[in-house]
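File shown here: target25.cif, holding mmCIF, C-alpha atoms.
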data_protein
loop_
_atom_site.group_PDB
_atom_site.id
_atom_site.type_symbol
_atom_site.label_atom_id
_atom_site.label_comp_id
_atom_site.auth_asym_id
_atom_site.auth_seq_id
_atom_site.Cartn_x
_atom_site.Cartn_y
_atom_site.Cartn_z
ATOM 1 C CA MET A 252 14.917 -4.564 -6.766
ATOM 2 C CA GLY A 253 14.178 -3.130 -3.326
ATOM 3 C CA GLN A 254 11.319 -3.918 -1.015
ATOM 4 C CA LEU A 255 7.893 -2.494 -1.538
ATOM 5 C CA LYS A 256 6.830 -0.441 1.455
ATOM 6 C CA VAL A 257 3.142 0.141 2.070
ATOM 7 C CA THR A 258 2.146 2.777 4.615
ATOM 8 C CA MET A 259 -0.920 4.723 5.692
ATOM 9 C CA PRO A 260 0.193 8.374 5.892
ATOM 10 C CA SER A 261 -3.292 9.488 6.990
ATOM 11 C CA ASP A 262 -6.621 7.799 7.581
ATOM 12 C CA ARG A 263 -7.672 8.458 3.981
ATOM 13 C CA GLU A 264 -4.467 7.429 2.239
ATOM 14 C CA ILE A 265 -2.382 4.433 1.233
ATOM 15 C CA ALA A 266 1.168 5.049 0.025
ATOM 16 C CA MET A 267 3.538 2.651 -1.715
ATOM 17 C CA THR A 268 7.267 3.193 -2.155
ATOM 18 C CA ARG A 269 9.663 1.053 -4.155
ATOM 19 C CA VAL A 270 13.029 1.403 -5.895
ATOM 20 C CA PHE A 271 13.566 0.248 -9.484
ATOM 21 C CA ASP A 272 16.930 -0.333 -11.107
ATOM 22 C CA ALA A 273 16.133 1.801 -14.155
ATOM 23 C CA PRO A 274 16.047 5.470 -15.163
ATOM 24 C CA ARG A 275 12.746 7.176 -14.468
ATOM 25 C CA THR A 276 11.997 7.777 -18.155
ATOM 26 C CA LEU A 277 11.527 4.013 -18.462
ATOM 27 C CA VAL A 278 9.470 3.750 -15.277
ATOM 28 C CA PHE A 279 7.351 6.642 -16.557
ATOM 29 C CA ASP A 280 6.868 4.856 -19.900
ATOM 30 C CA ALA A 281 5.883 1.697 -18.040
ATOM 31 C CA HIS A 282 3.009 3.661 -16.464
ATOM 32 C CA THR A 283 1.895 5.581 -19.555
ATOM 33 C CA LYS A 284 2.427 3.423 -22.674
ATOM 34 C CA PRO A 285 -0.459 0.939 -23.019
ATOM 35 C CA GLU A 286 1.643 -1.774 -24.679
ATOM 36 C CA VAL A 287 3.998 -1.698 -21.679
ATOM 37 C CA VAL A 288 1.380 -1.205 -18.906
ATOM 38 C CA LYS A 289 -0.507 -4.285 -20.150
ATOM 39 C CA ARG A 290 2.485 -6.476 -19.494
ATOM 40 C CA TRP A 291 2.910 -5.884 -15.768
ATOM 41 C CA LEU A 292 -0.119 -4.209 -14.159
ATOM 42 C CA LEU A 293 -2.052 -7.439 -13.758
ATOM 43 C CA GLY A 294 -2.749 -8.199 -10.106
ATOM 44 C CA PRO A 295 -3.068 -11.833 -9.025
ATOM 45 C CA PRO A 296 -1.993 -14.695 -11.339
ATOM 46 C CA GLY A 297 -4.578 -15.657 -13.935
ATOM 47 C CA TRP A 298 -5.608 -12.097 -14.755
ATOM 48 C CA THR A 299 -4.823 -10.309 -18.012
ATOM 49 C CA MET A 300 -5.433 -6.735 -19.146
ATOM 50 C CA PRO A 301 -7.274 -6.872 -22.484
ATOM 51 C CA VAL A 302 -8.220 -3.159 -22.424
ATOM 52 C CA CYS A 303 -5.657 -0.466 -21.704
ATOM 53 C CA GLU A 304 -6.564 2.919 -23.152
ATOM 54 C CA ILE A 305 -4.529 5.968 -22.202
ATOM 55 C CA ASP A 306 -5.060 9.514 -23.439
ATOM 56 C CA LEU A 307 -1.976 11.062 -21.887
ATOM 57 C CA ARG A 308 -2.821 14.747 -21.578
ATOM 58 C CA VAL A 309 -4.312 16.844 -18.791
ATOM 59 C CA GLY A 310 -8.059 16.219 -18.910
ATOM 60 C CA GLY A 311 -7.499 13.068 -20.981
ATOM 61 C CA LYS A 312 -9.122 9.823 -19.908
ATOM 62 C CA TYR A 313 -7.785 6.381 -19.233
ATOM 63 C CA ARG A 314 -9.659 3.118 -19.159
ATOM 64 C CA TRP A 315 -8.326 -0.242 -18.005
ATOM 65 C CA VAL A 316 -10.106 -3.594 -17.880
ATOM 66 C CA TRP A 317 -8.773 -6.801 -16.369
ATOM 67 C CA ARG A 318 -10.126 -10.252 -17.116
ATOM 68 C CA SER A 319 -9.846 -13.482 -15.179
ATOM 69 C CA ASP A 320 -8.803 -16.498 -17.261
ATOM 70 C CA ASN A 321 -10.426 -18.749 -14.669
ATOM 71 C CA ASP A 322 -14.040 -17.596 -14.879
ATOM 72 C CA GLY A 323 -14.059 -14.807 -17.472
ATOM 73 C CA SER A 324 -15.095 -12.176 -14.936
ATOM 74 C CA THR A 325 -13.908 -8.639 -15.596
ATOM 75 C CA MET A 326 -12.981 -5.630 -13.512
ATOM 76 C CA GLY A 327 -12.825 -2.152 -15.034
ATOM 77 C CA ILE A 328 -11.441 1.128 -13.848
ATOM 78 C CA GLY A 329 -11.263 4.576 -15.374
ATOM 79 C CA GLY A 330 -10.419 8.146 -14.623
ATOM 80 C CA VAL A 331 -8.927 11.417 -15.791
ATOM 81 C CA TYR A 332 -5.352 12.747 -15.940
ATOM 82 C CA ARG A 333 -5.248 15.789 -13.687
ATOM 83 C CA GLU A 334 -1.501 16.540 -13.825
ATOM 84 C CA ILE A 335 1.273 15.226 -16.050
ATOM 85 C CA VAL A 336 4.897 16.245 -15.548
ATOM 86 C CA ALA A 337 6.969 13.798 -17.629
ATOM 87 C CA PRO A 338 8.891 11.891 -16.408
ATOM 88 C CA GLU A 339 8.328 12.740 -12.749
ATOM 89 C CA ARG A 340 4.734 13.152 -11.716
ATOM 90 C CA ILE A 341 1.247 12.004 -12.665
ATOM 91 C CA VAL A 342 -2.013 12.712 -10.850
ATOM 92 C CA THR A 343 -5.111 10.761 -11.866
ATOM 93 C CA THR A 344 -8.600 10.224 -10.562
ATOM 94 C CA GLU A 345 -9.873 6.655 -10.278
ATOM 95 C CA ARG A 346 -13.266 5.052 -10.193
ATOM 96 C CA PHE A 347 -14.101 1.376 -10.573
ATOM 97 C CA ASP A 348 -16.988 0.314 -12.871
ATOM 98 C CA GLU A 349 -18.542 -1.570 -10.015
ATOM 99 C CA ALA A 350 -18.062 0.851 -7.171
ATOM 100 C CA TRP A 351 -16.832 -1.231 -4.263
ATOM 101 C CA TYR A 352 -15.695 1.802 -2.349
ATOM 102 C CA PRO A 353 -17.598 5.066 -2.004
ATOM 103 C CA GLY A 354 -16.556 8.101 -4.026
ATOM 104 C CA GLU A 355 -13.520 8.670 -6.196
ATOM 105 C CA GLY A 356 -9.849 7.989 -5.550
ATOM 106 C CA LEU A 357 -6.981 10.359 -6.355
ATOM 107 C CA ASN A 358 -3.655 8.767 -7.280
ATOM 108 C CA THR A 359 -0.365 10.649 -7.248
ATOM 109 C CA LEU A 360 2.662 8.970 -8.799
ATOM 110 C CA VAL A 361 6.058 10.529 -8.078
ATOM 111 C CA LEU A 362 9.307 9.295 -9.645
ATOM 112 C CA VAL A 363 12.681 10.404 -8.294
ATOM 113 C CA GLU A 364 15.874 9.309 -10.050
ATOM 114 C CA LYS A 365 19.246 8.989 -8.374
ATOM 115 C CA GLY A 366 22.306 7.216 -9.752
ATOM 116 C CA GLY A 367 20.313 5.502 -12.486
ATOM 117 C CA ARG A 368 17.768 4.159 -10.026
ATOM 118 C CA THR A 369 14.213 5.353 -9.600
ATOM 119 C CA THR A 370 12.243 5.637 -6.387
ATOM 120 C CA LEU A 371 8.549 5.346 -7.077
ATOM 121 C CA THR A 372 5.988 6.702 -4.622
ATOM 122 C CA GLN A 373 2.343 6.107 -5.341
ATOM 123 C CA THR A 374 -0.099 7.786 -2.975
ATOM 124 C CA MET A 375 -3.773 6.933 -3.200
ATOM 125 C CA ARG A 376 -6.189 9.268 -1.470
ATOM 126 C CA TYR A 377 -9.815 8.326 -0.946
ATOM 127 C CA GLU A 378 -12.852 10.379 0.004
ATOM 128 C CA SER A 379 -13.228 8.709 3.377
ATOM 129 C CA LYS A 380 -11.521 6.368 5.777
ATOM 130 C CA GLU A 381 -14.214 3.764 4.975
ATOM 131 C CA ALA A 382 -13.281 3.883 1.294
ATOM 132 C CA ARG A 383 -9.582 3.565 2.097
ATOM 133 C CA ASP A 384 -10.200 0.559 4.338
ATOM 134 C CA ALA A 385 -12.398 -1.074 1.685
ATOM 135 C CA VAL A 386 -9.489 -0.819 -0.760
ATOM 136 C CA LEU A 387 -7.096 -2.303 1.779
ATOM 137 C CA LYS A 388 -9.463 -5.176 2.489
ATOM 138 C CA SER A 389 -9.800 -5.804 -1.232
ATOM 139 C CA GLY A 390 -6.184 -6.952 -1.310
ATOM 140 C CA MET A 391 -7.457 -9.858 0.682
ATOM 141 C CA GLU A 392 -10.902 -10.394 -0.799
ATOM 142 C CA LYS A 393 -10.985 -9.349 -4.434
ATOM 143 C CA GLY A 394 -9.503 -11.609 -7.053
ATOM 144 C CA VAL A 395 -7.213 -13.231 -4.559
ATOM 145 C CA GLU A 396 -9.648 -15.789 -3.206
ATOM 146 C CA ALA A 397 -10.176 -17.670 -6.501
ATOM 147 C CA SER A 398 -6.533 -18.309 -7.169
ATOM 148 C CA TYR A 399 -5.226 -17.874 -3.685
ATOM 149 C CA ASP A 400 -3.372 -21.170 -3.602
ATOM 150 C CA ARG A 401 -1.498 -20.325 -6.781
ATOM 151 C CA LEU A 402 -0.718 -16.896 -5.443
ATOM 152 C CA ALA A 403 0.613 -18.364 -2.213
ATOM 153 C CA GLU A 404 2.784 -20.761 -4.223
ATOM 154 C CA LEU A 405 4.191 -17.951 -6.294
ATOM 155 C CA LEU A 406 4.782 -15.775 -3.262
ATOM 156 C CA ALA A 407 6.542 -18.549 -1.407
ATOM 157 C CA SER A 408 9.134 -18.599 -4.174
ATOM 158 C CA MET A 409 9.756 -14.848 -3.846
ATOM 159 C CA PRO A 410 12.268 -13.388 -1.431
ATOM 160 C CA ALA A 411 9.722 -10.871 -0.162
ATOM 161 C CA ALA A 412 7.394 -13.579 1.191
ATOM 162 C CA ARG A 413 7.370 -14.262 4.908
ATOM 163 C CA MET B 7 -11.102 -8.964 24.353
ATOM 164 C CA GLN B 8 -11.767 -8.981 20.611
ATOM 165 C CA ALA B 9 -11.565 -5.405 19.433
ATOM 166 C CA SER B 10 -12.565 -4.707 15.836
ATOM 167 C CA LEU B 11 -9.932 -4.005 13.208
ATOM 168 C CA ASP B 12 -11.536 -0.590 12.760
ATOM 169 C CA ALA B 13 -10.789 0.216 16.402
ATOM 170 C CA THR B 14 -7.234 -0.994 15.874
ATOM 171 C CA PHE B 15 -6.706 1.165 12.800
ATOM 172 C CA ALA B 16 -8.299 4.155 14.539
ATOM 173 C CA ALA B 17 -5.880 3.644 17.426
ATOM 174 C CA LEU B 18 -2.943 3.434 15.005
ATOM 175 C CA ALA B 19 -3.985 6.575 13.136
ATOM 176 C CA ASP B 20 -2.568 8.859 15.833
ATOM 177 C CA PRO B 21 1.159 9.745 15.780
ATOM 178 C CA THR B 22 1.460 9.921 19.592
ATOM 179 C CA ARG B 23 -0.044 6.465 19.938
ATOM 180 C CA ARG B 24 2.256 5.101 17.242
ATOM 181 C CA ALA B 25 5.218 6.616 19.106
ATOM 182 C CA ILE B 26 4.017 4.967 22.326
ATOM 183 C CA LEU B 27 3.808 1.613 20.539
ATOM 184 C CA THR B 28 7.301 2.083 19.126
ATOM 185 C CA ARG B 29 8.575 2.780 22.625
ATOM 186 C CA LEU B 30 6.770 -0.284 24.015
ATOM 187 C CA ALA B 31 8.186 -2.467 21.254
ATOM 188 C CA SER B 32 11.545 -2.197 23.026
ATOM 189 C CA GLY B 33 10.112 -3.242 26.408
ATOM 190 C CA GLU B 34 7.374 -2.497 28.941
ATOM 191 C CA ALA B 35 7.132 0.962 30.532
ATOM 192 C CA SER B 36 5.131 2.802 33.185
ATOM 193 C CA VAL B 37 2.819 5.721 32.386
ATOM 194 C CA ALA B 38 5.383 8.169 33.796
ATOM 195 C CA GLU B 39 8.121 6.676 31.628
ATOM 196 C CA LEU B 40 5.897 6.833 28.575
ATOM 197 C CA ALA B 41 4.927 10.446 29.251
ATOM 198 C CA ARG B 42 8.517 11.658 29.558
ATOM 199 C CA PRO B 43 9.452 12.085 25.868
ATOM 200 C CA PHE B 44 6.174 13.887 25.112
ATOM 201 C CA ALA B 45 5.186 17.410 26.073
ATOM 202 C CA MET B 46 2.047 15.944 27.566
ATOM 203 C CA SER B 47 0.556 15.432 30.994
ATOM 204 C CA GLN B 48 0.215 11.939 32.435
ATOM 205 C CA PRO B 49 -3.599 12.090 32.197
ATOM 206 C CA ALA B 50 -3.288 12.925 28.488
ATOM 207 C CA ILE B 51 -0.967 9.972 27.994
ATOM 208 C CA SER B 52 -3.340 7.787 30.023
ATOM 209 C CA LYS B 53 -6.101 8.696 27.579
ATOM 210 C CA HIS B 54 -3.990 7.492 24.656
ATOM 211 C CA LEU B 55 -3.132 4.331 26.561
ATOM 212 C CA LYS B 56 -6.824 3.634 27.108
ATOM 213 C CA VAL B 57 -7.467 3.860 23.361
ATOM 214 C CA LEU B 58 -4.571 1.485 22.686
ATOM 215 C CA GLU B 59 -5.819 -0.881 25.372
ATOM 216 C CA ARG B 60 -9.373 -0.904 24.029
ATOM 217 C CA ALA B 61 -7.974 -1.663 20.569
ATOM 218 C CA GLY B 62 -6.171 -4.646 22.051
ATOM 219 C CA LEU B 63 -2.763 -3.273 21.072
ATOM 220 C CA ILE B 64 -1.357 -3.076 24.608
ATOM 221 C CA ARG B 65 -2.109 -4.578 28.012
ATOM 222 C CA ARG B 66 -1.076 -3.996 31.614
ATOM 223 C CA GLY B 67 1.819 -5.903 33.083
ATOM 224 C CA ARG B 68 1.720 -7.767 36.392
ATOM 225 C CA ASP B 69 3.503 -5.282 38.659
ATOM 226 C CA ALA B 70 0.577 -3.686 40.540
ATOM 227 C CA GLN B 71 2.620 -0.687 41.734
ATOM 228 C CA ARG B 72 4.176 0.467 38.467
ATOM 229 C CA ARG B 73 1.332 -0.782 36.314
ATOM 230 C CA PRO B 74 3.626 -1.057 33.297
ATOM 231 C CA ARG B 75 2.103 -1.276 29.847
ATOM 232 C CA ARG B 76 3.300 -3.818 27.348
ATOM 233 C CA ILE B 77 2.680 -4.330 23.680
ATOM 234 C CA GLU B 78 0.333 -7.056 22.394
ATOM 235 C CA PRO B 79 2.249 -8.208 19.313
ATOM 236 C CA LYS B 80 -0.427 -10.574 18.028
ATOM 237 C CA ARG B 81 -2.958 -7.792 17.681
ATOM 238 C CA LEU B 82 -0.524 -5.585 15.813
ATOM 239 C CA ALA B 83 0.335 -8.471 13.474
ATOM 240 C CA GLU B 84 -3.381 -9.004 12.723
ATOM 241 C CA ALA B 85 -3.785 -5.337 11.908
ATOM 242 C CA THR B 86 -0.782 -5.294 9.592
ATOM 243 C CA GLU B 87 -1.899 -8.475 7.822
ATOM 244 C CA TRP B 88 -4.192 -6.394 5.599
ATOM 245 C CA LEU B 89 -1.330 -4.164 4.609
ATOM 246 C CA GLU B 90 0.862 -7.194 4.066
ATOM 247 C CA ARG B 91 -1.532 -8.867 1.659
ATOM 248 C CA TYR B 92 -2.047 -5.640 -0.217
ATOM 249 C CA ARG B 93 1.731 -5.250 -0.372
ATOM 250 C CA ARG B 94 2.209 -8.770 -1.743
ATOM 251 C CA LEU B 95 -0.326 -8.155 -4.494
ATOM 252 C CA TRP B 96 1.532 -5.057 -5.659
ATOM 253 C CA GLU B 97 4.919 -6.646 -5.166
ATOM 254 C CA GLY B 98 3.836 -9.252 -7.732
ATOM 255 C CA ASN B 99 3.136 -6.453 -10.212
ATOM 256 C CA TYR B 100 6.375 -4.654 -9.471
ATOM 257 C CA GLN B 101 8.474 -7.787 -9.880
ATOM 258 C CA ARG B 102 7.003 -8.148 -13.344
ATOM 259 C CA LEU B 103 7.872 -4.503 -13.927
ATOM 260 C CA ASP B 104 11.482 -5.147 -12.835
ATOM 261 C CA ALA B 105 11.843 -7.778 -15.549
ATOM 262 C CA LEU B 106 10.185 -5.518 -18.100
ATOM 263 C CA LEU B 107 12.462 -2.572 -17.259
ATOM 264 C CA GLU B 108 15.505 -4.803 -17.820
ATOM 265 C CA GLU B 109 14.124 -5.612 -21.250
ATOM 266 C CA LEU B 110 13.486 -1.922 -22.020
ATOM 267 C CA LYS B 111 16.993 -0.977 -20.909
ATOM 268 C CA THR B 112 18.497 -3.574 -23.251
ATOM 269 C CA LYS B 113 16.380 -2.258 -26.127
ATOM 270 C CA GLU B 114 17.440 1.318 -25.400
ATOM 271 C CA ARG B 115 21.094 0.314 -25.439
ATOM 272 C CA LYS B 116 20.584 -1.370 -28.807
ATOM 273 C CA TRP B 117 19.004 1.780 -30.214
ATOM 274 C CA ASP B 118 21.804 3.910 -28.814
ATOM 275 C CA SER B 119 24.548 1.862 -30.451
#
So, in terms of structure tokens, how does the structure I just supplied come out?
Amino acid sequence: MGQLKVTMPSDREIAMTRVFDAPRTLVFDAHTKPEVVKRWLLGPPGWTMPVCEIDLRVGGKYRWVWRSDNDGSTMGIGGVYREIVAPERIVTTERFDEAWYPGEGLNTLVLVEKGGRTTLTQTMRYESKEARDAVLKSGMEKGVEASYDRLAELLASMPAAR
Amino acid sequence: MQASLDATFAALADPTRRAILTRLASGEASVAELARPFAMSQPAISKHLKVLERAGLIRRGRDAQRRPRRIEPKRLAEATEWLERYRRLWEGNYQRLDALLEELKTKERKWDS
């Protein structure tokens, strides 16, 4: 469904927009129910999400850990729910266990439903431009390198690939 | 000239410079032509052009009189490659989510009936 658009609205932000062919209650569930989140929020092929803890209330914490099947390495992230307006808006803080960008990130998820379809906008704001750029670079460097060939194969079969 | 990606992103961070690039994407233009749509003096536009030039995003055309600027598409493609890879990574996640949402919709319909 729809093409994912990635933009940089300011020098500290990355924004992603995409349309899903589903009502926003389901898209909201897919971001807030651990048993559902674990099934799609995985990153490159070969990674699973063995830990997905979500305490869905303002001030509640979340903790997610991914694991690579290839070498057993893990990557953890956690943060706090700052705002929750079901099923339309969630604001969370984010910090990786191994800080590979300085400071904390602030993620804002906005879901807008129209005609049974949901437009998702995820805006990630970082404390500095350096942190934002480190996150962008990570798309290239982190996790991808190990299984890059498999990723390229998979992507080649997708309509979105160039 | 091999400008750093940081310089390229810094150059792209400004809305006037992005507008100039958009204009140049449809063909080369002189400084006067580029200044026209903006409420800005030619020297101010020239300043922006210098930043774009240093970042390797534009270069000067051959006509010595008009000194038209043209876009350097390779540089822009390099700069957007980061975004593209990041996009692909997330697109992988979202395609999984598409499939999952279909499954959830089917379940919901079953519960409804």
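Nearest residue to chain A among B:Pro74, B:Pro43, B:Gly98, B:Gly62 is B:Gly98, counting only C-alpha atoms.
With the shown file loaded, the PyMOL selection byres ((chain B) within 8 of (chain A)) picks out Ala19, Trp88, Leu89, Glu90, Arg91, Tyr92, Arg93, Arg94, Leu95, Trp96, Glu97, Gly98, Asn99, Tyr100, Gln101, Arg102, Leu103, Asp104, Leu106, Leu107, Glu108, Leu110 and Lys111 of chain B.
Shortest atom-to-atom contact with Glu339 in chain A among A:Met326, A:Leu307, A:Leu357, A:Val363: A:Val363, counting all atoms listed in the file.
Using only C-alpha atoms for every distance, the candidate list A:Arg263, A:Val361, A:Pro338, A:Gly366 yields A:Arg263 as the residue closest to Phe15 in chain B.
Distance-wise, CA of Tyr313 in chain A and CA of Glu114 in chain B end up 26.5 Å apart.
The two atoms in question, CA of Glu364 in chain A and CA of Ala266 in chain A, are spaced 18.3 Å apart.
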**OP:** Dig up all the protein and nucleic acid residues within 12 Å of (1.9, 9.0, -15.5) in the file frame, using all atoms listed in the file, and format them as a VMD selection string.
**Re:** chain A and resid 275 to 285 288 305 to 309 311 to 313 331 to 344 358 to 362 371 to 373
Just the selected residues (C-alpha atoms), exported as a compact mmCIF listing (two decimals), in the frame of the given file, please.
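Saved result, selection-v1.txt, follows:
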# COMPACT_ATOMS: atom_id res chain seq x y z
CA ARG A 275 12.75 7.18 -14.47
CA THR A 276 12.00 7.78 -18.16
CA LEU A 277 11.53 4.01 -18.46
CA VAL A 278 9.47 3.75 -15.28
CA PHE A 279 7.35 6.64 -16.56
CA ASP A 280 6.87 4.86 -19.90
CA ALA A 281 5.88 1.70 -18.04
CA HIS A 282 3.01 3.66 -16.46
CA THR A 283 1.90 5.58 -19.56
CA LYS A 284 2.43 3.42 -22.67
CA PRO A 285 -0.46 0.94 -23.02
CA VAL A 288 1.38 -1.20 -18.91
CA ILE A 305 -4.53 5.97 -22.20
CA ASP A 306 -5.06 9.51 -23.44
CA LEU A 307 -1.98 11.06 -21.89
CA ARG A 308 -2.82 14.75 -21.58
CA VAL A 309 -4.31 16.84 -18.79
CA GLY A 311 -7.50 13.07 -20.98
CA LYS A 312 -9.12 9.82 -19.91
CA TYR A 313 -7.78 6.38 -19.23
CA VAL A 331 -8.93 11.42 -15.79
CA TYR A 332 -5.35 12.75 -15.94
CA ARG A 333 -5.25 15.79 -13.69
CA GLU A 334 -1.50 16.54 -13.82
CA ILE A 335 1.27 15.23 -16.05
CA VAL A 336 4.90 16.24 -15.55
CA ALA A 337 6.97 13.80 -17.63
CA PRO A 338 8.89 11.89 -16.41
CA GLU A 339 8.33 12.74 -12.75
CA ARG A 340 4.73 13.15 -11.72
CA ILE A 341 1.25 12.00 -12.66
CA VAL A 342 -2.01 12.71 -10.85
CA THR A 343 -5.11 10.76 -11.87
CA THR A 344 -8.60 10.22 -10.56
CA ASN A 358 -3.66 8.77 -7.28
CA THR A 359 -0.36 10.65 -7.25
CA LEU A 360 2.66 8.97 -8.80
CA VAL A 361 6.06 10.53 -8.08
CA LEU A 362 9.31 9.30 -9.64
CA LEU A 371 8.55 5.35 -7.08
CA THR A 372 5.99 6.70 -4.62
CA GLN A 373 2.34 6.11 -5.34
Subject >> Counting all atoms listed in the file, the option among B:Leu82, B:Thr22, B:Lys113, B:Ala16 closest to Ala45 in chain B >> reply: B:Thr22
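The spacing separating CA of Trp317 in chain A from CA of Met300 in chain A amounts to 4.3 Å.
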